[in-house]
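Source file: structure_38.cif; contents: mmCIF, C-alpha atoms.
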data_entry
loop_
_atom_site.label_atom_id
_atom_site.label_comp_id
_atom_site.auth_asym_id
_atom_site.auth_seq_id
_atom_site.Cartn_x
_atom_site.Cartn_y
_atom_site.Cartn_z
CA MET E 1 130.52 79.05 147.51
CA LEU E 2 131.66 77.04 150.54
CA ALA E 3 132.17 73.29 150.12
CA PRO E 4 132.18 71.95 153.69
CA ALA E 5 133.81 68.70 154.79
CA LYS E 6 131.47 65.79 155.36
CA VAL E 7 131.88 63.82 158.60
CA ASN E 8 130.46 60.32 159.00
CA LEU E 9 129.39 60.19 162.64
CA PHE E 10 128.70 56.52 162.03
CA LEU E 11 129.13 54.41 158.92
CA HIS E 12 127.56 50.96 158.71
CA VAL E 13 128.35 49.08 155.51
CA GLY E 14 126.51 46.14 153.96
CA PRO E 15 128.12 43.29 152.01
CA VAL E 16 129.29 43.95 148.47
CA LYS E 17 126.51 43.66 145.86
CA GLU E 18 126.58 42.28 142.33
CA ASN E 19 127.28 45.76 140.96
CA GLY E 20 130.38 46.01 143.15
CA ARG E 21 128.84 48.68 145.40
CA HIS E 22 127.59 48.60 148.99
CA ASP E 23 124.49 49.69 150.82
CA LEU E 24 125.26 52.18 153.57
CA ASP E 25 123.68 53.55 156.70
CA SER E 26 125.47 56.69 157.84
CA LEU E 27 124.74 59.86 159.74
CA VAL E 28 126.58 62.66 157.95
CA MET E 29 127.03 66.16 159.31
CA PHE E 30 128.93 69.07 157.79
CA ALA E 31 131.72 71.27 159.07
CA GLY E 32 131.92 75.04 159.23
CA PRO E 33 134.16 77.37 157.23
CA GLU E 34 137.23 76.19 159.15
CA ALA E 35 137.08 72.86 157.31
CA SER E 36 135.67 73.79 153.93
CA ASP E 37 136.91 74.09 150.37
CA ARG E 38 135.69 77.06 148.34
CA VAL E 39 134.44 77.07 144.76
CA GLU E 40 134.06 80.29 142.77
CA ALA E 41 132.99 80.61 139.13
CA ARG E 42 132.42 83.49 136.74
CA LYS E 43 131.41 83.60 133.09
CA CYS E 44 134.27 84.02 130.64
CA ASP E 45 135.30 83.16 127.08
CA GLU E 46 136.82 79.75 127.82
CA MET E 47 136.31 77.08 130.50
CA SER E 48 139.20 76.93 132.98
CA LEU E 49 140.04 75.60 136.43
CA THR E 50 142.63 77.14 138.75
CA LEU E 51 143.68 75.66 142.09
CA ASP E 52 144.95 77.16 145.31
CA GLY E 53 145.15 76.23 148.98
CA PRO E 54 147.19 73.88 151.19
CA PHE E 55 145.90 70.74 149.45
CA ALA E 56 145.99 71.98 145.87
CA GLY E 57 148.10 69.83 143.57
CA PRO E 58 148.60 69.67 139.79
CA GLU E 59 146.94 66.25 139.67
CA LEU E 60 143.66 67.89 140.72
CA ALA E 61 143.53 69.95 137.53
CA SER E 62 142.73 66.89 135.40
CA PRO E 63 139.37 66.35 133.65
CA GLU E 64 138.64 63.78 136.39
CA ASN E 65 138.22 66.59 138.92
CA LEU E 66 134.66 66.31 140.23
CA VAL E 67 134.03 70.03 139.74
CA LEU E 68 134.64 69.62 136.01
CA GLN E 69 132.74 66.32 136.04
CA ALA E 70 129.73 68.14 137.51
CA VAL E 71 129.79 70.68 134.69
CA SER E 72 130.22 67.94 132.08
CA ALA E 73 127.31 65.96 133.54
CA CYS E 74 125.06 69.02 133.24
CA GLN E 75 126.12 69.55 129.63
CA ALA E 76 125.50 65.86 128.88
CA ARG E 77 121.92 66.36 130.10
CA GLY E 78 121.49 69.16 127.56
CA PHE E 79 121.86 72.13 129.91
CA ARG E 80 123.60 75.13 128.36
CA VAL E 81 126.41 75.84 130.80
CA PRO E 82 128.42 78.86 129.59
CA PRO E 83 132.23 78.83 129.72
CA LEU E 84 133.29 79.45 133.31
CA ALA E 85 136.52 80.49 134.98
CA ILE E 86 136.42 78.22 138.03
CA ALA E 87 138.65 78.79 141.07
CA LEU E 88 138.94 75.96 143.60
CA TYR E 89 140.54 76.57 146.98
CA LYS E 90 141.47 73.23 148.59
CA ASN E 91 141.44 73.29 152.37
CA ILE E 92 140.17 69.72 152.90
CA PRO E 93 142.74 66.88 152.79
CA VAL E 94 142.61 64.84 149.59
CA ALA E 95 141.70 61.12 149.94
CA GLY E 96 141.00 61.84 153.59
CA GLY E 97 137.52 60.44 154.22
CA LEU E 98 135.96 63.90 154.44
CA GLY E 99 134.39 63.96 150.98
CA GLY E 100 136.44 66.91 149.71
CA GLY E 101 136.03 66.17 146.02
CA SER E 102 132.34 65.46 146.52
CA ALA E 103 131.98 68.71 148.48
CA ASP E 104 133.50 70.59 145.54
CA ALA E 105 131.11 68.94 143.07
CA GLY E 106 128.14 69.69 145.35
CA ALA E 107 129.18 73.33 145.61
CA MET E 108 129.55 73.56 141.83
CA LEU E 109 126.04 72.17 141.34
CA ARG E 110 124.65 74.60 143.93
CA HIS E 111 126.34 77.43 142.06
CA LEU E 112 124.82 76.35 138.75
CA ALA E 113 121.41 76.14 140.40
CA LYS E 114 121.93 79.63 141.86
CA LEU E 115 122.65 80.88 138.34
CA GLY E 116 119.27 79.47 137.28
CA LEU E 117 120.81 76.93 134.89
CA LEU E 118 119.12 73.97 136.60
CA THR E 119 116.68 73.33 139.43
CA ASP E 120 117.60 71.81 142.78
CA PRO E 121 115.83 68.49 142.03
CA VAL E 122 117.67 68.18 138.72
CA ALA E 123 120.96 69.10 140.39
CA LEU E 124 120.37 66.42 143.02
CA SER E 125 119.63 63.89 140.28
CA ILE E 126 122.90 64.77 138.55
CA ALA E 127 124.74 64.58 141.88
CA SER E 128 123.70 60.94 142.26
CA THR E 129 125.56 60.06 139.05
CA LEU E 130 128.85 61.51 140.31
CA GLY E 131 129.45 59.35 143.38
CA GLY E 132 127.90 58.14 146.62
CA ASP E 133 128.87 61.23 148.65
CA VAL E 134 127.88 63.89 146.13
CA PRO E 135 124.10 63.95 146.84
CA SER E 136 124.66 64.62 150.55
CA ALA E 137 127.39 67.13 149.68
CA PHE E 138 124.94 68.98 147.44
CA VAL E 139 122.42 69.21 150.28
CA SER E 140 125.25 69.97 152.76
CA ARG E 141 123.02 69.47 155.80
CA ALA E 142 122.78 66.70 158.37
CA ARG E 143 121.25 63.63 156.76
CA LEU E 144 120.97 59.86 157.14
CA MET E 145 122.73 58.64 153.99
CA ARG E 146 121.35 55.29 152.86
CA GLY E 147 121.16 53.01 149.84
CA GLU E 148 124.32 53.55 147.82
CA GLY E 149 124.39 57.15 149.08
CA GLN E 150 121.59 58.46 146.90
CA ARG E 151 118.87 58.14 149.58
CA LEU E 152 118.93 61.03 152.03
CA ASP E 153 116.62 60.79 155.04
CA LEU E 154 116.04 63.63 157.47
CA PRO E 155 117.34 62.66 160.93
CA PRO E 156 115.54 63.63 164.13
CA SER E 157 116.45 66.83 165.93
CA LEU E 158 120.21 67.03 166.51
CA PRO E 159 122.38 69.59 168.35
CA ASP E 160 125.43 71.31 166.93
CA LEU E 161 128.49 69.24 167.83
CA PRO E 162 131.87 70.73 168.87
CA THR E 163 134.24 68.62 166.76
CA LEU E 164 137.98 68.35 166.23
CA LEU E 165 138.94 67.15 162.75
CA VAL E 166 142.42 65.65 162.40
CA ASN E 167 144.35 64.27 159.45
CA PRO E 168 147.97 63.08 159.82
CA ARG E 169 148.59 64.13 156.21
CA LEU E 170 148.42 60.54 155.01
CA PRO E 171 146.23 59.66 152.00
CA CYS E 172 143.93 56.68 152.33
CA PRO E 173 142.26 55.95 148.95
CA THR E 174 138.74 54.59 149.23
CA GLY E 175 139.08 51.65 146.80
CA PRO E 176 141.67 49.62 148.74
CA VAL E 177 139.77 50.18 152.00
CA PHE E 178 136.56 48.73 150.58
CA GLN E 179 138.53 45.84 149.06
CA ALA E 180 139.96 45.07 152.49
CA PHE E 181 136.48 45.33 154.00
CA ASP E 182 135.12 42.88 151.40
CA ARG E 183 137.84 40.35 152.21
CA GLU E 184 136.87 40.43 155.88
CA ASN E 185 133.08 40.71 155.64
CA THR E 186 130.52 38.53 153.90
CA GLY E 187 127.93 39.16 156.57
CA ALA E 188 124.20 39.65 156.91
CA PRO E 189 122.25 42.37 155.11
CA LEU E 190 122.49 45.85 156.54
CA GLU E 191 120.03 46.84 159.27
CA LEU E 192 119.16 50.53 159.50
CA VAL E 193 119.71 52.41 162.76
CA GLU E 194 116.77 53.99 164.56
CA MET E 195 117.97 57.34 165.90
CA PRO E 196 116.45 59.07 168.91
CA THR E 197 116.14 62.85 169.27
CA PHE E 198 118.91 64.77 171.04
CA GLU E 199 118.86 68.29 172.43
CA THR E 200 122.46 68.63 173.66
CA PRO E 201 125.80 67.06 172.67
CA PRO E 202 126.52 64.82 175.73
CA PRO E 203 123.67 62.28 175.29
CA MET E 204 124.20 62.20 171.53
CA ILE E 205 127.91 61.50 171.94
CA ASP E 206 127.17 58.74 174.48
CA TRP E 207 124.62 57.17 172.12
CA LEU E 208 127.01 57.28 169.17
CA ALA E 209 129.76 55.67 171.24
CA GLY E 210 127.54 52.88 172.52
CA MET E 211 125.26 52.11 169.57
CA THR E 212 127.18 52.81 166.38
CA ARG E 213 130.53 52.28 164.65
CA ASN E 214 132.51 52.88 161.46
CA ASP E 215 132.78 49.56 159.64
CA LEU E 216 135.67 50.85 157.52
CA GLN E 217 137.83 51.82 160.49
CA SER E 218 139.37 48.38 160.99
CA PRO E 219 140.26 47.73 157.32
CA ALA E 220 141.60 51.28 156.95
CA THR E 221 143.75 50.89 160.05
CA GLY E 222 145.10 47.65 158.61
CA LEU E 223 146.30 49.59 155.58
CA ILE E 224 147.38 52.77 157.43
CA PRO E 225 148.43 51.73 160.97
CA GLU E 226 149.07 55.37 161.92
CA ILE E 227 145.29 55.91 162.12
CA GLU E 228 145.21 53.95 165.38
CA GLY E 229 147.73 56.31 166.94
CA VAL E 230 145.72 59.34 165.82
CA LEU E 231 142.58 57.92 167.42
CA GLU E 232 144.40 57.14 170.67
CA THR E 233 145.82 60.65 170.77
CA ILE E 234 142.42 62.28 170.22
CA SER E 235 140.79 60.00 172.83
CA SER E 236 143.33 61.10 175.44
CA LEU E 237 142.41 64.78 175.10
CA PRO E 238 140.44 66.15 178.10
CA GLY E 239 136.74 66.48 177.31
CA CYS E 240 136.73 64.11 174.32
CA GLY E 241 133.65 61.90 174.43
CA LEU E 242 134.26 59.93 171.26
CA ALA E 243 137.12 59.51 168.80
CA ARG E 244 136.39 57.83 165.48
CA MET E 245 137.55 57.71 161.88
CA SER E 246 135.43 59.45 159.23
CA GLY E 247 134.49 57.73 155.98
CA SER E 248 137.28 55.54 154.62
CA GLY E 249 139.99 57.54 156.47
CA ALA E 250 142.58 58.60 157.27
CA SER E 251 140.86 61.67 158.78
CA CYS E 252 139.58 61.19 162.32
CA PHE E 253 137.39 63.26 164.59
CA GLY E 254 136.87 63.86 168.27
CA LEU E 255 133.49 64.93 169.65
CA PHE E 256 133.52 67.29 172.64
CA LYS E 257 130.73 68.18 174.99
CA THR E 258 131.59 71.91 175.15
CA ARG E 259 133.22 74.46 172.87
CA ALA E 260 135.68 75.35 175.63
CA ASP E 261 136.89 71.73 175.74
CA LEU E 262 137.20 71.76 171.95
CA LYS E 263 139.32 74.91 171.90
CA ALA E 264 141.66 73.63 174.61
CA ALA E 265 142.05 70.30 172.81
CA ALA E 266 142.79 71.96 169.47
CA ASP E 267 145.46 74.17 171.03
CA ALA E 268 147.10 71.24 172.81
CA LEU E 269 147.08 69.01 169.75
CA SER E 270 148.43 71.72 167.47
CA ASN E 271 151.35 72.26 169.84
CA SER E 272 152.15 68.54 170.02
CA PHE E 273 151.64 67.70 166.33
CA PRO E 274 152.27 70.86 164.28
CA HIS E 275 152.59 68.83 161.06
CA TRP E 276 149.06 67.40 161.31
CA TRP E 277 146.04 69.06 159.71
CA ILE E 278 143.87 70.08 162.68
CA ALA E 279 140.56 71.90 162.33
CA PRO E 280 138.25 72.67 165.27
CA THR E 281 134.74 73.21 163.97
CA LEU E 282 131.06 72.98 164.80
CA LEU E 283 129.08 70.31 162.98
CA LYS E 284 125.69 71.81 162.22
CA GLY E 285 122.69 69.95 163.65
CA ILE E 286 119.01 70.27 162.84
#

Will you turn the file into structure tokens for me?
Amino acid sequence: MLAPAKVNLFLHVGPVKENGRHDLDSLVMFAGPEASDRVEARKCDEMSLTLDGPFAGPELASPENLVLQAVSACQARGFRVPPLAIALYKNIPVAGGLGGGSADAGAMLRHLAKLGLLTDPVALSIASTLGGDVPSAFVSRARLMRGEGQRLDLPPSLPDLPTLLVNPRLPCPTGPVFQAFDRENTGAPLELVEMPTFETPPPMIDWLAGMTRNDLQSPATGLIPEIEGVLETISSLPGCGLARMSGSGASCFGLFKTRADLKAAADALSNSFPHWWIAPTLLKGI
């Protein structure tokens, strides 16, 4: 079961609320297999989790792993989940603003629904208890993510977007970024974006560049100054129409108007920065 990376094409954040959380307005789209984790599970005698892949680490095998949390949340609701041997292949950078852990939890819930252990509406309800990105990760299709992440609105028609995902292999934990945002922003309530319909990438990229932003980009860059250099490097690539950070960072993306431009950019960047994680992909539209 693929667990694709989530990309925030824009991310508008409201002021912190009494519960410590924030209202969001974000267009999220999902990557292809090139930027996806993979979750596999089979029935066995005892529950287990094994890890593999370039971003697998022993710390991910803890009970806090969102894959295991998804199973535990189902059991807490009274669903009879049999012991499973779960294999998690980590290809998405950890703490990278691409929702990797949430993608894994969403894939696990989709797998349990496929097994007939719970329905999609129940799985989506459970997803909302696991974190703001998990509901959209469960759906894994382009959505306008609103409220605290639990409200998923269908956007207008969108094209597939040739996209270059880049992470300089620097973690950027979400908590400190939001804390920095809260120190800088006590502003007005969030206003939701009205999106037009797009048929091809160029006008959508121009609209995103002119009408939207990522409110966490500045506080994240204050904590991880290298993000600014990554964005400048992506922006300088021929054919790049927009470079922006995704989520709370440090992963960034470049949007390209053609697949040929994307391929050339990925090749050039890989040659110049072989130590970076670089994934050319196609974000799926509607």

Region 66-75 of chain E surroundings by only C-alpha atoms, 6 Å radius, close-in-sequence under 2 positions cut, as an MDAnalysis selection string: chainID E and resid 77:79 101 104:105

Just so the selection is clear, what residues does the PyMOL selection byres ((chain E and resi 180) around 10) cover here, as a compact mmCIF listing (two decimals) with C-alpha atoms, keeping the file's coordinate frame?
# COMPACT_ATOMS: atom_id res chain seq x y z
CA GLY E 175 139.08 51.65 146.80
CA PRO E 176 141.67 49.62 148.74
CA VAL E 177 139.77 50.18 152.00
CA PHE E 178 136.56 48.73 150.58
CA GLN E 179 138.53 45.84 149.06
CA PHE E 181 136.48 45.33 154.00
CA ASP E 182 135.12 42.88 151.40
CA ARG E 183 137.84 40.35 152.21
CA GLU E 184 136.87 40.43 155.88
CA ASN E 185 133.08 40.71 155.64
CA LEU E 216 135.67 50.85 157.52
CA SER E 218 139.37 48.38 160.99
CA PRO E 219 140.26 47.73 157.32
CA ALA E 220 141.60 51.28 156.95
CA GLY E 222 145.10 47.65 158.61
CA LEU E 223 146.30 49.59 155.58

Tell me, as a PyMOL selection string, which residues lie within 9 Å of Val16 (chain E), counting only C-alpha atoms; anything in the same chain fewer than 3 positions away does not count. chain E and resi 13+19-23+178+182+185-186

Just want the 12 Å neighbourhood of Glu59 (chain E), counted on all atoms listed in the file, with same-chain residues fewer than 5 positions away dropped. Output as an NGL selection string. :E and (50-51 or 64-65 or 94)

Atoms kept (C-alpha atoms) for selection, written as a CSV table (one decimal), in the coordinates of the input:
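File written: result.csv
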chain,number,residue,atom,x,y,z
E,50,THR,CA,142.6,77.1,138.8
E,51,LEU,CA,143.7,75.7,142.1
E,64,GLU,CA,138.6,63.8,136.4
E,65,ASN,CA,138.2,66.6,138.9
E,94,VAL,CA,142.6,64.8,149.6

Name the residues in contact with Pro93 (chain E) at a cut-off of 8 Å, using all atoms listed in the file, excluding same-chain residues fewer than 5 positions from it; report them as JSON, numbers by chain. {"E": [55, 98, 100, 167, 169, 277]}

Store the residues of this selection in a file with C-alpha atoms, as a compact mmCIF listing (two decimals), in the coordinates of the input.
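Okay, part-v2.txt is ready:
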# COMPACT_ATOMS: atom_id res chain seq x y z
CA PHE E 55 145.90 70.74 149.45
CA LEU E 98 135.96 63.90 154.44
CA GLY E 100 136.44 66.91 149.71
CA ASN E 167 144.35 64.27 159.45
CA ARG E 169 148.59 64.13 156.21
CA TRP E 277 146.04 69.06 159.71

Gap from CA of Arg143 (chain E) to CA of Arg38 (chain E) - Å, one decimal: 21.4 Å

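Atom pair CA of Leu262 (chain E) / CA of Thr200 (chain E): separated by 15.2 Å.
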
Thr119 (chain E): which residues within 12 Å, counting all atoms listed in the file, same-chain residues fewer than 5 positions away excluded, as a list in words? Cys74, Phe79, Leu109, Arg110, His111, Leu112, Ala113, Lys114, Leu124, Ser125 and Ile126 of chain E

Ground truth for the PyMOL selection byres ((chain E and resi 135-142) around 7), written as a ChimeraX atom specification: /E:28-30,102-103,106-107,109-110,124,127-128,132-134,143,150,152,285-286

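Taking CA of Arg42 (chain E) and CA of Pro83 (chain E) as the two end points, the separation is 8.4 Å.
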
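With all atoms listed in the file as the atoms that count, the minimum distance from Pro171 (chain E) to the choices E:Leu144, E:Ala3, E:Ile224, E:Leu255 is reached by E:Ile224.
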
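With distances restricted to only C-alpha atoms, E:Cys172 is the closest residue to Ile227 (chain E) from E:Leu24, E:Ala268, E:Leu9, E:Cys172.
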
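Of the residues listed (E:Gly254, E:Pro280, E:Pro201, E:Pro15), E:Gly254 shows the shortest atom-to-atom separation from Ile234 (chain E); distances use all atoms listed in the file.
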
Which residues would end up in the selection if the PyMOL selection byres ((chain E and resi 49) around 8) were applied here, given that I need the answer as a count of residues only? 9

Taking into account all atoms listed in the file, which residue in the set E:Arg259, E:Gly149, E:Arg80, E:His275 is nearest to Gly131 (chain E)? E:Gly149

For Val193 (chain E), which residue out of E:Arg146, E:Leu170, E:Pro63, E:Thr281 is the nearest one, using all atoms listed in the file? E:Arg146

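Across E:Leu11, E:Cys44, E:Met195, E:Leu158, the tightest approach to Gly249 (chain E) is made by E:Leu11 when counting all atoms listed in the file.
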